[in-house]
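Content type compact mmCIF, C-alpha atoms, from the file coords13.txt:
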```
# COMPACT_ATOMS: atom_id res chain seq x y z
CA MET I 1237 -7.64 -85.76 17.30
CA LYS I 1238 -4.09 -86.91 16.84
CA SER I 1239 -1.55 -85.01 18.84
CA ILE I 1240 2.18 -85.31 19.29
CA ILE I 1241 3.70 -84.14 22.53
CA VAL I 1242 7.40 -83.40 22.37
CA GLY I 1243 9.04 -83.59 25.78
CA GLY I 1244 8.16 -86.12 28.46
CA GLY I 1245 8.97 -84.09 31.54
CA LYS I 1246 6.34 -83.14 34.10
CA VAL I 1247 4.41 -80.91 31.72
CA GLY I 1248 4.50 -83.33 28.80
CA PHE I 1249 3.65 -86.32 30.95
CA TYR I 1250 0.58 -84.81 32.61
CA LEU I 1251 -0.50 -83.21 29.36
CA ALA I 1252 -0.41 -86.63 27.70
CA LYS I 1253 -2.39 -88.13 30.56
CA THR I 1254 -5.04 -85.43 30.30
CA LEU I 1255 -5.35 -85.61 26.53
CA LEU I 1256 -5.73 -89.39 26.75
CA GLU I 1257 -8.58 -88.89 29.24
CA HIS I 1258 -10.20 -86.61 26.67
CA ASN I 1259 -9.90 -89.38 24.08
CA TYR I 1260 -7.15 -87.81 22.00
CA GLN I 1261 -4.76 -90.07 20.16
CA VAL I 1262 -1.42 -89.23 21.77
CA SER I 1263 2.21 -89.83 20.81
CA LEU I 1264 5.00 -88.59 23.01
CA ILE I 1265 8.65 -88.08 22.11
CA GLU I 1266 11.26 -87.97 24.89
CA ILE I 1267 15.01 -87.67 24.55
CA ASP I 1268 16.05 -89.27 27.85
CA ARG I 1269 16.06 -93.07 27.96
CA GLU I 1270 15.01 -93.45 31.61
CA ARG I 1271 12.31 -90.85 31.27
CA SER I 1272 10.93 -92.37 28.07
CA ARG I 1273 10.81 -95.74 29.80
CA TYR I 1274 8.86 -94.18 32.68
CA CYS I 1275 6.41 -92.62 30.25
CA ALA I 1276 5.98 -95.91 28.41
CA ASN I 1277 5.22 -97.68 31.68
CA HIS I 1278 2.69 -95.13 32.88
CA LEU I 1279 0.95 -93.89 29.75
CA ASP I 1280 -1.29 -95.69 27.33
CA ALA I 1281 0.28 -93.91 24.37
CA GLU I 1282 2.94 -94.39 21.72
CA ILE I 1283 6.23 -93.30 23.32
CA MET I 1284 9.24 -92.62 21.15
CA PHE I 1285 12.75 -92.36 22.54
CA ALA I 1286 14.30 -89.67 20.32
CA ASN I 1287 15.12 -86.00 19.97
CA GLY I 1288 11.73 -84.57 19.04
CA ALA I 1289 13.12 -81.43 17.46
CA THR I 1290 14.21 -83.33 14.35
CA VAL I 1291 12.63 -84.18 11.01
CA GLU I 1292 13.28 -87.90 11.52
CA ALA I 1293 11.53 -88.19 14.90
CA LEU I 1294 8.47 -86.19 13.86
CA GLU I 1295 8.22 -88.21 10.66
CA ALA I 1296 8.39 -91.50 12.54
CA CYS I 1297 5.64 -90.28 14.84
CA GLY I 1298 3.32 -89.55 11.96
CA ALA I 1299 3.48 -85.77 12.10
CA ASP I 1300 2.05 -85.57 8.59
CA LYS I 1301 -1.20 -86.91 10.03
CA ALA I 1302 -1.11 -85.00 13.31
CA ASP I 1303 -3.64 -82.30 14.11
CA CYS I 1304 -1.35 -80.67 16.60
CA VAL I 1305 2.19 -80.74 17.86
CA ILE I 1306 2.83 -79.52 21.38
CA ALA I 1307 6.45 -78.74 22.23
CA VAL I 1308 7.10 -78.71 25.95
CA MET I 1309 10.79 -79.41 26.21
CA GLY I 1310 13.13 -77.66 28.62
CA ALA I 1311 14.76 -75.46 26.00
CA ASP I 1312 12.69 -72.71 24.40
CA GLU I 1313 14.82 -72.81 21.26
CA SER I 1314 14.13 -76.51 20.80
CA ASN I 1315 10.41 -75.95 21.22
CA LEU I 1316 10.64 -73.29 18.51
CA VAL I 1317 12.58 -75.48 16.08
CA CYS I 1318 10.23 -78.40 16.70
CA CYS I 1319 7.15 -76.31 15.91
CA GLN I 1320 8.74 -74.81 12.82
CA ILE I 1321 9.65 -78.23 11.44
CA ALA I 1322 6.16 -79.52 12.25
CA LYS I 1323 4.57 -76.68 10.32
CA THR I 1324 6.84 -76.24 7.33
CA VAL I 1325 7.75 -79.87 6.65
CA PHE I 1326 4.62 -81.70 7.80
CA GLY I 1327 1.94 -79.03 7.50
CA VAL I 1328 0.71 -79.50 11.05
CA GLU I 1329 -2.20 -77.16 11.53
CA LYS I 1330 -1.76 -76.23 15.17
CA THR I 1331 1.63 -75.83 16.80
CA ILE I 1332 1.92 -75.04 20.49
CA ALA I 1333 5.10 -74.20 22.36
CA LYS I 1334 5.88 -73.68 25.99
CA VAL I 1335 8.40 -70.96 26.79
CA ASN I 1336 10.23 -70.95 30.06
CA ASN I 1337 11.64 -67.48 29.63
CA PRO I 1338 8.74 -65.06 29.10
CA LYS I 1339 11.04 -62.82 27.05
CA ASN I 1340 10.91 -65.42 24.27
CA THR I 1341 7.12 -65.30 23.87
CA LYS I 1342 7.11 -62.55 21.25
CA ALA I 1343 9.94 -64.08 19.22
CA LEU I 1344 8.22 -67.45 18.98
CA LYS I 1345 4.91 -65.87 17.98
CA GLU I 1346 6.66 -63.83 15.28
CA LEU I 1347 8.39 -66.92 13.96
CA GLY I 1348 5.12 -68.69 13.31
CA VAL I 1349 4.28 -70.75 16.38
CA ASP I 1350 0.48 -70.70 16.62
CA ILE I 1351 0.10 -70.72 20.37
CA VAL I 1352 2.86 -69.72 22.78
CA ILE I 1353 2.38 -70.41 26.46
CA SER I 1354 4.44 -68.81 29.15
CA ALA I 1355 3.69 -70.24 32.58
CA THR I 1356 5.43 -67.29 34.18
CA ASP I 1357 3.26 -64.76 32.35
CA ASN I 1358 0.10 -66.67 33.23
CA ILE I 1359 0.95 -66.82 36.92
CA ILE I 1360 1.85 -63.15 37.00
CA GLN I 1361 -1.42 -62.21 35.33
CA LEU I 1362 -3.36 -64.23 37.89
CA LEU I 1363 -1.39 -62.70 40.77
CA GLU I 1364 -1.93 -59.20 39.49
CA HIS I 1365 -5.58 -59.86 38.96
CA GLU I 1366 -5.99 -60.93 42.58
CA VAL I 1367 -4.04 -57.99 43.90
CA ASP I 1368 -5.06 -55.15 41.66
CA LEU I 1369 -8.80 -54.51 41.49
CA GLY I 1370 -10.07 -51.91 39.06
CA ALA I 1371 -7.41 -52.78 36.50
CA MET I 1372 -8.16 -54.25 33.10
CA LYS I 1373 -6.80 -57.74 32.66
CA LYS I 1374 -6.37 -59.00 29.14
CA LEU I 1375 -7.70 -62.54 28.79
CA LEU I 1376 -7.44 -63.20 25.11
CA ASP I 1377 -6.03 -61.58 22.03
CA PHE I 1378 -7.74 -62.05 18.71
CA GLU I 1379 -4.66 -62.23 16.56
CA GLY I 1380 -4.29 -59.85 13.71
CA ASP I 1381 -7.42 -57.94 14.55
CA ASP I 1382 -6.26 -55.72 17.36
CA VAL I 1383 -9.23 -56.88 19.42
CA SER I 1384 -9.08 -58.36 22.90
CA LEU I 1385 -11.27 -59.94 25.51
CA VAL I 1386 -10.74 -58.08 28.74
CA ASP I 1387 -11.71 -58.68 32.34
CA LEU I 1388 -12.51 -55.54 34.36
CA THR I 1389 -13.51 -55.43 38.03
CA LEU I 1390 -15.34 -52.28 39.06
CA PRO I 1391 -13.76 -50.80 42.21
CA LYS I 1392 -15.43 -50.18 45.58
CA ASN I 1393 -17.45 -46.94 45.68
CA TYR I 1394 -17.54 -47.00 41.90
CA ALA I 1395 -18.00 -43.49 40.48
CA LEU I 1396 -20.78 -44.58 38.14
CA GLU I 1397 -22.62 -46.82 40.62
CA GLY I 1398 -26.27 -47.15 39.65
CA LYS I 1399 -25.80 -45.79 36.14
CA ARG I 1400 -27.56 -47.70 33.36
CA LEU I 1401 -25.47 -48.90 30.41
CA MET I 1402 -27.58 -46.96 27.93
CA GLU I 1403 -26.68 -43.73 29.75
CA LEU I 1404 -22.97 -44.27 29.05
CA GLN I 1405 -21.37 -43.30 25.75
CA LEU I 1406 -19.46 -46.52 25.19
CA PRO I 1407 -17.27 -46.51 22.07
CA ASP I 1408 -18.83 -48.36 19.11
CA THR I 1409 -15.92 -50.76 19.03
CA CYS I 1410 -16.46 -51.99 22.59
CA ASN I 1411 -19.06 -54.37 23.90
CA ILE I 1412 -19.77 -55.47 27.43
CA ALA I 1413 -20.40 -59.15 26.77
CA CYS I 1414 -21.39 -60.13 30.27
CA ILE I 1415 -21.32 -59.06 33.91
CA ARG I 1416 -20.56 -61.34 36.85
CA ARG I 1417 -22.16 -60.11 40.04
CA GLY I 1418 -21.54 -62.44 42.98
CA GLU I 1419 -22.93 -65.81 41.94
CA ARG I 1420 -24.98 -64.41 39.05
CA THR I 1421 -23.95 -63.93 35.46
CA ILE I 1422 -25.87 -61.21 33.65
CA ILE I 1423 -26.04 -60.68 29.93
CA PRO I 1424 -26.49 -56.92 29.95
CA ARG I 1425 -29.00 -54.82 28.01
CA GLY I 1426 -29.33 -51.05 27.88
CA GLY I 1427 -31.22 -50.96 31.16
CA THR I 1428 -28.65 -52.98 33.10
CA VAL I 1429 -27.13 -51.02 35.95
CA LEU I 1430 -23.44 -51.01 37.00
CA ILE I 1431 -22.60 -51.79 40.62
CA SER I 1432 -19.30 -51.68 42.55
CA GLY I 1433 -17.52 -55.02 42.47
CA ASP I 1434 -19.13 -56.10 39.20
CA VAL I 1435 -16.76 -58.05 36.99
CA LEU I 1436 -17.23 -56.99 33.36
CA LEU I 1437 -16.19 -59.14 30.44
CA ILE I 1438 -15.53 -56.73 27.60
CA VAL I 1439 -14.73 -57.25 23.93
CA MET I 1440 -12.84 -54.22 22.79
CA LYS I 1441 -10.61 -52.80 20.10
CA ASN I 1442 -7.22 -52.24 21.75
CA SER I 1443 -6.89 -48.75 20.31
CA GLU I 1444 -10.07 -47.70 22.16
CA GLU I 1445 -8.82 -48.63 25.63
CA LYS I 1446 -8.22 -45.02 26.70
CA GLU I 1447 -11.66 -43.93 25.54
CA LEU I 1448 -13.30 -46.89 27.26
CA ARG I 1449 -11.53 -46.11 30.53
CA LYS I 1450 -12.65 -42.50 30.24
CA VAL I 1451 -16.29 -43.42 29.67
CA LEU I 1452 -16.29 -46.02 32.44
CA LYS I 1453 -14.30 -43.73 34.73
CA ILE I 1454 -11.65 -46.37 35.35
CA LYS I 1455 -8.20 -45.09 36.27
CA ASP I 1456 -5.08 -46.36 34.58
CA MET F 923 33.27 -55.25 9.34
CA ASN F 924 31.50 -55.51 12.69
CA ILE F 925 31.03 -59.22 13.28
CA LEU F 926 29.10 -60.93 16.05
CA VAL F 927 30.12 -64.50 16.92
CA ILE F 928 27.64 -66.49 19.01
CA GLY F 929 29.32 -69.26 20.96
CA CYS F 930 32.92 -69.42 22.13
CA GLY F 931 33.60 -73.14 21.96
CA LYS F 932 36.23 -74.66 19.69
CA ILE F 933 34.66 -73.23 16.56
CA GLY F 934 33.51 -69.91 17.98
CA SER F 935 36.83 -69.03 19.59
CA SER F 936 38.82 -70.06 16.55
CA LEU F 937 36.52 -68.14 14.23
CA ALA F 938 36.61 -65.05 16.44
CA GLU F 939 40.40 -65.05 16.58
CA THR F 940 40.70 -65.58 12.84
CA LEU F 941 38.32 -62.73 12.03
CA ASP F 942 40.02 -60.52 14.60
CA LYS F 943 43.45 -61.12 13.01
CA ALA F 944 41.94 -60.35 9.60
CA GLY F 945 41.13 -56.88 10.89
CA HIS F 946 37.43 -57.12 11.66
CA ASP F 947 35.76 -55.73 14.79
CA VAL F 948 34.64 -58.88 16.54
CA SER F 949 32.20 -59.33 19.41
CA VAL F 950 31.69 -62.75 21.02
CA ILE F 951 28.82 -63.98 23.17
CA ASP F 952 28.81 -67.10 25.33
CA LYS F 953 26.78 -68.02 28.39
CA ASN F 954 29.89 -69.54 29.98
CA PRO F 955 32.46 -66.92 31.06
CA GLU F 956 35.20 -69.57 31.26
CA LEU F 957 34.93 -70.22 27.54
CA LEU F 958 35.38 -66.53 26.80
CA GLU F 959 38.59 -66.63 28.79
CA THR F 960 40.08 -69.17 26.40
CA LEU F 961 40.38 -66.48 23.74
CA SER F 962 44.01 -65.66 23.10
CA ALA F 963 45.64 -62.76 24.90
CA ASP F 964 45.98 -60.75 21.69
CA PHE F 965 42.27 -60.98 20.86
CA SER F 966 41.28 -57.35 20.49
CA GLY F 967 37.53 -57.88 20.26
CA PHE F 968 34.68 -57.50 22.70
CA THR F 969 33.14 -60.28 24.85
CA THR F 970 29.72 -60.58 26.46
CA VAL F 971 28.52 -63.21 28.94
CA GLY F 972 24.90 -64.14 28.50
CA VAL F 973 22.26 -66.34 26.89
CA PRO F 974 22.35 -65.55 23.15
CA ILE F 975 18.58 -65.64 22.59
CA ASP F 976 18.10 -62.88 25.14
CA GLN F 977 17.64 -59.73 23.11
CA GLU F 978 19.16 -57.55 25.83
CA VAL F 979 22.34 -59.64 25.68
CA LEU F 980 22.41 -59.36 21.89
CA LYS F 981 22.00 -55.60 22.10
CA ARG F 982 24.81 -55.29 24.66
CA ALA F 983 27.04 -57.27 22.33
CA GLY F 984 26.33 -54.87 19.49
CA ILE F 985 23.84 -56.68 17.27
CA THR F 986 22.22 -53.43 16.18
CA THR F 987 25.38 -52.31 14.44
CA CYS F 988 26.79 -55.60 13.23
CA ASP F 989 27.29 -56.40 9.56
CA ALA F 990 27.51 -60.16 9.96
CA LEU F 991 26.61 -62.77 12.54
CA PHE F 992 27.87 -66.32 12.97
CA ALA F 993 25.80 -68.62 15.19
CA VAL F 994 28.24 -71.38 16.07
CA THR F 995 27.29 -72.76 19.48
CA ALA F 996 27.27 -76.52 20.05
CA GLU F 997 23.46 -76.54 19.91
CA ASP F 998 21.74 -76.57 16.50
CA ASP F 999 18.46 -75.27 17.91
CA MET F 1000 20.15 -72.35 19.66
CA ASN F 1001 21.98 -71.42 16.44
CA ILE F 1002 18.77 -71.61 14.43
CA MET F 1003 16.81 -69.48 16.90
CA VAL F 1004 19.47 -66.78 17.24
CA SER F 1005 19.79 -66.55 13.46
CA GLN F 1006 16.07 -66.01 13.07
CA ILE F 1007 15.97 -63.39 15.81
CA ALA F 1008 18.91 -61.64 14.18
CA ARG F 1009 17.11 -61.55 10.86
CA GLN F 1010 13.56 -60.87 12.02
CA THR F 1011 14.11 -58.44 14.87
CA PHE F 1012 17.46 -56.87 14.08
CA ASN F 1013 17.66 -57.06 10.26
CA VAL F 1014 21.25 -58.28 10.31
CA LYS F 1015 22.31 -58.62 6.69
CA LYS F 1016 24.71 -61.58 6.70
CA ILE F 1017 23.82 -64.47 8.99
CA TYR F 1018 25.42 -67.92 9.09
CA ALA F 1019 24.35 -70.79 11.33
CA ARG F 1020 26.19 -73.97 12.12
CA VAL F 1021 23.72 -76.87 12.05
CA LEU F 1022 25.08 -80.35 12.58
CA ASP F 1023 21.88 -82.25 11.73
CA ILE F 1024 21.72 -82.56 7.95
CA LYS F 1025 17.94 -82.73 7.52
CA LYS F 1026 17.33 -79.97 10.03
CA GLY F 1027 19.85 -77.82 8.23
CA GLU F 1028 18.07 -78.37 4.92
CA VAL F 1029 14.72 -77.35 6.43
CA PHE F 1030 16.08 -74.07 7.69
CA GLU F 1031 18.12 -73.43 4.58
CA LYS F 1032 14.77 -73.46 2.77
CA LEU F 1033 13.49 -70.96 5.31
CA GLY F 1034 16.25 -68.59 4.32
CA ILE F 1035 19.04 -69.24 6.81
CA ASN F 1036 22.59 -69.68 5.51
CA VAL F 1037 23.40 -73.04 6.99
CA ILE F 1038 26.93 -74.33 7.41
CA CYS F 1039 26.66 -78.07 7.99
CA PRO F 1040 29.87 -79.56 9.41
CA THR F 1041 28.46 -83.05 8.85
CA LYS F 1042 28.00 -82.55 5.11
CA LEU F 1043 31.33 -80.74 4.81
CA THR F 1044 33.17 -83.54 6.57
CA VAL F 1045 31.49 -86.26 4.53
CA ASN F 1046 32.27 -84.38 1.30
CA ALA F 1047 35.86 -83.76 2.31
CA ALA F 1048 36.30 -87.41 3.29
CA CYS F 1049 34.96 -88.64 -0.06
CA ILE F 1050 37.08 -86.18 -2.01
CA ALA F 1051 40.17 -87.16 -0.03
CA LEU F 1052 39.53 -90.82 -0.81
CA GLU F 1053 39.01 -90.12 -4.49
CA GLU F 1054 42.18 -88.09 -4.71
CA ASP F 1055 44.22 -90.69 -2.85
CA SER F 1056 42.74 -93.47 -4.99
CA ALA F 1057 43.49 -91.48 -8.14
CA GLU F 1058 47.10 -91.13 -7.04
CA ASP F 1059 47.28 -94.86 -6.37
CA GLY F 1060 45.88 -95.44 -9.83
CA GLU F 1061 48.60 -93.34 -11.45
CA GLU F 1062 51.45 -95.18 -9.80
```

Mind converting the file's structure to structure tokens?
Amino acid sequence: MKSIIVGGGKVGFYLAKTLLEHNYQVSLIEIDRERSRYCANHLDAEIMFANGATVEALEACGADKADCVIAVMGADESNLVCCQIAKTVFGVEKTIAKVNNPKNTKALKELGVDIVISATDNIIQLLEHEVDLGAMKKLLDFEGDDVSLVDLTLPKNYALEGKRLMELQLPDTCNIACIRRGERTIIPRGGTVLISGDVLLIVMKNSEEKELRKVLKIKD
Amino acid sequence: MNILVIGCGKIGSSLAETLDKAGHDVSVIDKNPELLETLSADFSGFTTVGVPIDQEVLKRAGITTCDALFAVTAEDDMNIMVSQIARQTFNVKKIYARVLDIKKGEVFEKLGINVICPTKLTVNAACIALEEDSAEDGEE
């Protein structure tokens, strides 16, 4: 897999290192001379000293043959422009952008960036997950289908403790894919029982969230 | 018209003052308050300090009621992103972005942004000036 990383700061550098360990073919574009020299000295990859958010730099790096372009520069707007050029000029299949300001996540998604990563959002989700048991945490969105993969921890003294799944009227559009109970992972069947503290991995249609909460007796 | 100018550098401030004198209702955004202070004393428009890609800042500056928007900061990428947000999220009808990089400008022109490329304009003007001066020489 050929990938181009745009931005040789901490994120770009360690990303390049990791991808190289996974046997990706990596090129990295960095705009600062000193930094690009550092990358060249410490990475076994093609390092280009240039502004990566330009047609010329991406072309020189072989973007037309790249499987993915990952924009991790300091400026969200440059990451956006880089991904848009990669897609519309070079037809790169997968474009990934880091956003520093979580408010920009939606805008970048709407403007065609395939995967938008906000470190802030990710950390907040993890924090809230640790702190707020009984809440549904969205793990993944299946784009365009209004379906998500959701993580739900059953609270202490769960109201439906001991109830079997087949006794619950779960909406048709929701599926409990698996249950983590302590060290065990259970693929549930109708006879599987729910116990306080169980962590449910649920595939559900977003519009059915209220109904699901009602059936599972999980407060908002 | 209600016009929103993004960026109050040399171009932004000059543009804002020109449009203001021409009778338009002008609103200017810049992340640097000192640049907004360089606007002339008789500028009768509205100024907002803030990062232009922040939708709250754009709303405060009046993007929801503006007829035209000029993205003229010193950064091509910022101008391109603001223009797309203006079009996509706020349906602003007339949007113009200053993009210095010729090839980049052409890419986004194809994506539907009205690009004003100072580089191309300068090169064209320079060539025309030379032709005209050479023609005059020829006539003498």

Chain F residues near chain I (6 Å cut-off, all atoms listed in the file) as an mmCIF file with C-alpha atoms, in the frame of the given file:
```cif
data_model
loop_
_atom_site.group_PDB
_atom_site.id
_atom_site.type_symbol
_atom_site.label_atom_id
_atom_site.label_comp_id
_atom_site.auth_asym_id
_atom_site.auth_seq_id
_atom_site.Cartn_x
_atom_site.Cartn_y
_atom_site.Cartn_z
ATOM 1 C CA ASP F 999 18.460 -75.270 17.910
ATOM 2 C CA MET F 1000 20.150 -72.350 19.660
ATOM 3 C CA MET F 1003 16.810 -69.480 16.900
#
```

Write out as number ranges by chain the residues lying within 10 Å of Ser1384 (chain I), counting all atoms listed in the file and excluding same-chain residues fewer than 5 positions away. I: 1374-1379, 1410, 1438-1442

Keeping only C-alpha atoms, write those residues as an mmCIF file, in the coordinates of the input.
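Just written: out_37.cif:
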```cif
data_model
loop_
_atom_site.group_PDB
_atom_site.id
_atom_site.type_symbol
_atom_site.label_atom_id
_atom_site.label_comp_id
_atom_site.auth_asym_id
_atom_site.auth_seq_id
_atom_site.Cartn_x
_atom_site.Cartn_y
_atom_site.Cartn_z
ATOM 1 C CA LYS I 1374 -6.370 -59.000 29.140
ATOM 2 C CA LEU I 1375 -7.700 -62.540 28.790
ATOM 3 C CA LEU I 1376 -7.440 -63.200 25.110
ATOM 4 C CA ASP I 1377 -6.030 -61.580 22.030
ATOM 5 C CA PHE I 1378 -7.740 -62.050 18.710
ATOM 6 C CA GLU I 1379 -4.660 -62.230 16.560
ATOM 7 C CA CYS I 1410 -16.460 -51.990 22.590
ATOM 8 C CA ILE I 1438 -15.530 -56.730 27.600
ATOM 9 C CA VAL I 1439 -14.730 -57.250 23.930
ATOM 10 C CA MET I 1440 -12.840 -54.220 22.790
ATOM 11 C CA LYS I 1441 -10.610 -52.800 20.100
ATOM 12 C CA ASN I 1442 -7.220 -52.240 21.750
#
```

With only C-alpha atoms as the basis for distance, which of F:Asp998, F:Asp964, F:Glu939, F:Asp976 is at the shortest distance from Asp952 (chain F)? F:Asp976

Restricting the calculation to only C-alpha atoms, which member of F:Ala1048, F:Val948, F:Ile1007, F:Leu957 is positioned closest to Lys932 (chain F)?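 Distance minimum relative to Lys932 (chain F) lands on F:Leu957.
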
List as a list in words the protein and nucleic acid residues near Thr969 (chain F), meaning an atom at most 6 Å away when only C-alpha atoms are counted, but skip any in the same chain fewer than 4 places from it. Ser949, Val950 and Ile951 of chain F

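CA of Val1021 (chain F) is found 24.0 Å from CA of Arg1269 (chain I).
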
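For the pair CA of Arg1020 (chain F) and CA of Lys953 (chain F), the separation is 17.3 Å.
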
Work out how far CA of Met1372 (chain I) is from CA of Lys1455 (chain I), in Å to one decimal. 9.7 Å

Any idea what's packed within 12 Å of Lys1301 (chain I), counting all atoms listed in the file, ignoring anything in its chain fewer than 3 positions away? Could you give it as a list in words?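 Listed by chain and then number, they are Met1237, Lys1238, Ser1239, Ile1240, Gln1261, Val1262, Ser1263, Leu1294, Glu1295, Ala1296, Cys1297, Gly1298, Cys1304, Val1305, Ala1322, Lys1323, Val1325, Phe1326, Gly1327, Val1328, Glu1329 and Lys1330 of chain I.
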
I need the chosen residues saved as a PDB file, in the frame of the given file, with C-alpha atoms.
```
ATOM      1  CA  MET I1237      -7.640 -85.760  17.300  1.00  0.00           C
ATOM      2  CA  LYS I1238      -4.090 -86.910  16.840  1.00  0.00           C
ATOM      3  CA  SER I1239      -1.550 -85.010  18.840  1.00  0.00           C
ATOM      4  CA  ILE I1240       2.180 -85.310  19.290  1.00  0.00           C
ATOM      5  CA  GLN I1261      -4.760 -90.070  20.160  1.00  0.00           C
ATOM      6  CA  VAL I1262      -1.420 -89.230  21.770  1.00  0.00           C
ATOM      7  CA  SER I1263       2.210 -89.830  20.810  1.00  0.00           C
ATOM      8  CA  LEU I1294       8.470 -86.190  13.860  1.00  0.00           C
ATOM      9  CA  GLU I1295       8.220 -88.210  10.660  1.00  0.00           C
ATOM     10  CA  ALA I1296       8.390 -91.500  12.540  1.00  0.00           C
ATOM     11  CA  CYS I1297       5.640 -90.280  14.840  1.00  0.00           C
ATOM     12  CA  GLY I1298       3.320 -89.550  11.960  1.00  0.00           C
ATOM     13  CA  CYS I1304      -1.350 -80.670  16.600  1.00  0.00           C
ATOM     14  CA  VAL I1305       2.190 -80.740  17.860  1.00  0.00           C
ATOM     15  CA  ALA I1322       6.160 -79.520  12.250  1.00  0.00           C
ATOM     16  CA  LYS I1323       4.570 -76.680  10.320  1.00  0.00           C
ATOM     17  CA  VAL I1325       7.750 -79.870   6.650  1.00  0.00           C
ATOM     18  CA  PHE I1326       4.620 -81.700   7.800  1.00  0.00           C
ATOM     19  CA  GLY I1327       1.940 -79.030   7.500  1.00  0.00           C
ATOM     20  CA  VAL I1328       0.710 -79.500  11.050  1.00  0.00           C
ATOM     21  CA  GLU I1329      -2.200 -77.160  11.530  1.00  0.00           C
ATOM     22  CA  LYS I1330      -1.760 -76.230  15.170  1.00  0.00           C
TER      23      LYS I1330
END
```

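Between Phe968 (chain F) and the residues F:Ile933, F:Ile925, F:Val1037, F:Ala1019, the shortest atom-to-atom distance, using all atoms listed in the file, involves F:Ile925.
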
Looking at only C-alpha atoms, which of F:Lys1026, F:Lys943, F:Arg982, F:Lys1016 is the one that sits closest to Phe965 (chain F)?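 Closest candidate: F:Lys943.
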
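Among the candidate residues F:Ala1057, F:Val971, F:Ile1002, F:Leu991, the one lying nearest to Val1029 (chain F) is F:Ile1002, with distances computed using only C-alpha atoms.
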
Need to verify the contact set: Glu1257 (chain I), 12 Å, all atoms listed in the file, exclusion of same-chain residues closer than 4 positions in sequence. Can you return it as number ranges by chain? I: 1250-1253, 1261-1262, 1279-1281

At a cut-off of 9 Å, using all atoms listed in the file, what residues contact Ala993 (chain F)? Leave out same-chain residues fewer than 3 positions from it and give the result as a list in words. Leu926, Val927, Ile928, Gly929, Gly934, Met1000, Asn1001, Ile1002, Val1004, Ser1005, Ile1017, Tyr1018, Ala1019 and Arg1020 of chain F

List as a compact mmCIF listing (two decimals) with C-alpha atoms, keeping the file's coordinate frame: which residues have an atom within 12 Å of (45.8, -58.0, 17.9), counting all atoms listed in the file?
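result_27.txt was written with the following content:
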```txt
# COMPACT_ATOMS: atom_id res chain seq x y z
CA ALA F 938 36.61 -65.05 16.44
CA GLU F 939 40.40 -65.05 16.58
CA THR F 940 40.70 -65.58 12.84
CA LEU F 941 38.32 -62.73 12.03
CA ASP F 942 40.02 -60.52 14.60
CA LYS F 943 43.45 -61.12 13.01
CA ALA F 944 41.94 -60.35 9.60
CA GLY F 945 41.13 -56.88 10.89
CA HIS F 946 37.43 -57.12 11.66
CA ASP F 947 35.76 -55.73 14.79
CA VAL F 948 34.64 -58.88 16.54
CA LEU F 961 40.38 -66.48 23.74
CA SER F 962 44.01 -65.66 23.10
CA ALA F 963 45.64 -62.76 24.90
CA ASP F 964 45.98 -60.75 21.69
CA PHE F 965 42.27 -60.98 20.86
CA SER F 966 41.28 -57.35 20.49
CA GLY F 967 37.53 -57.88 20.26
```

Using all atoms listed in the file, the residue out of I:Arg1273, I:Met1309, I:Ala1293, I:Glu1282 with shortest distance to Gly1243 (chain I) is I:Met1309
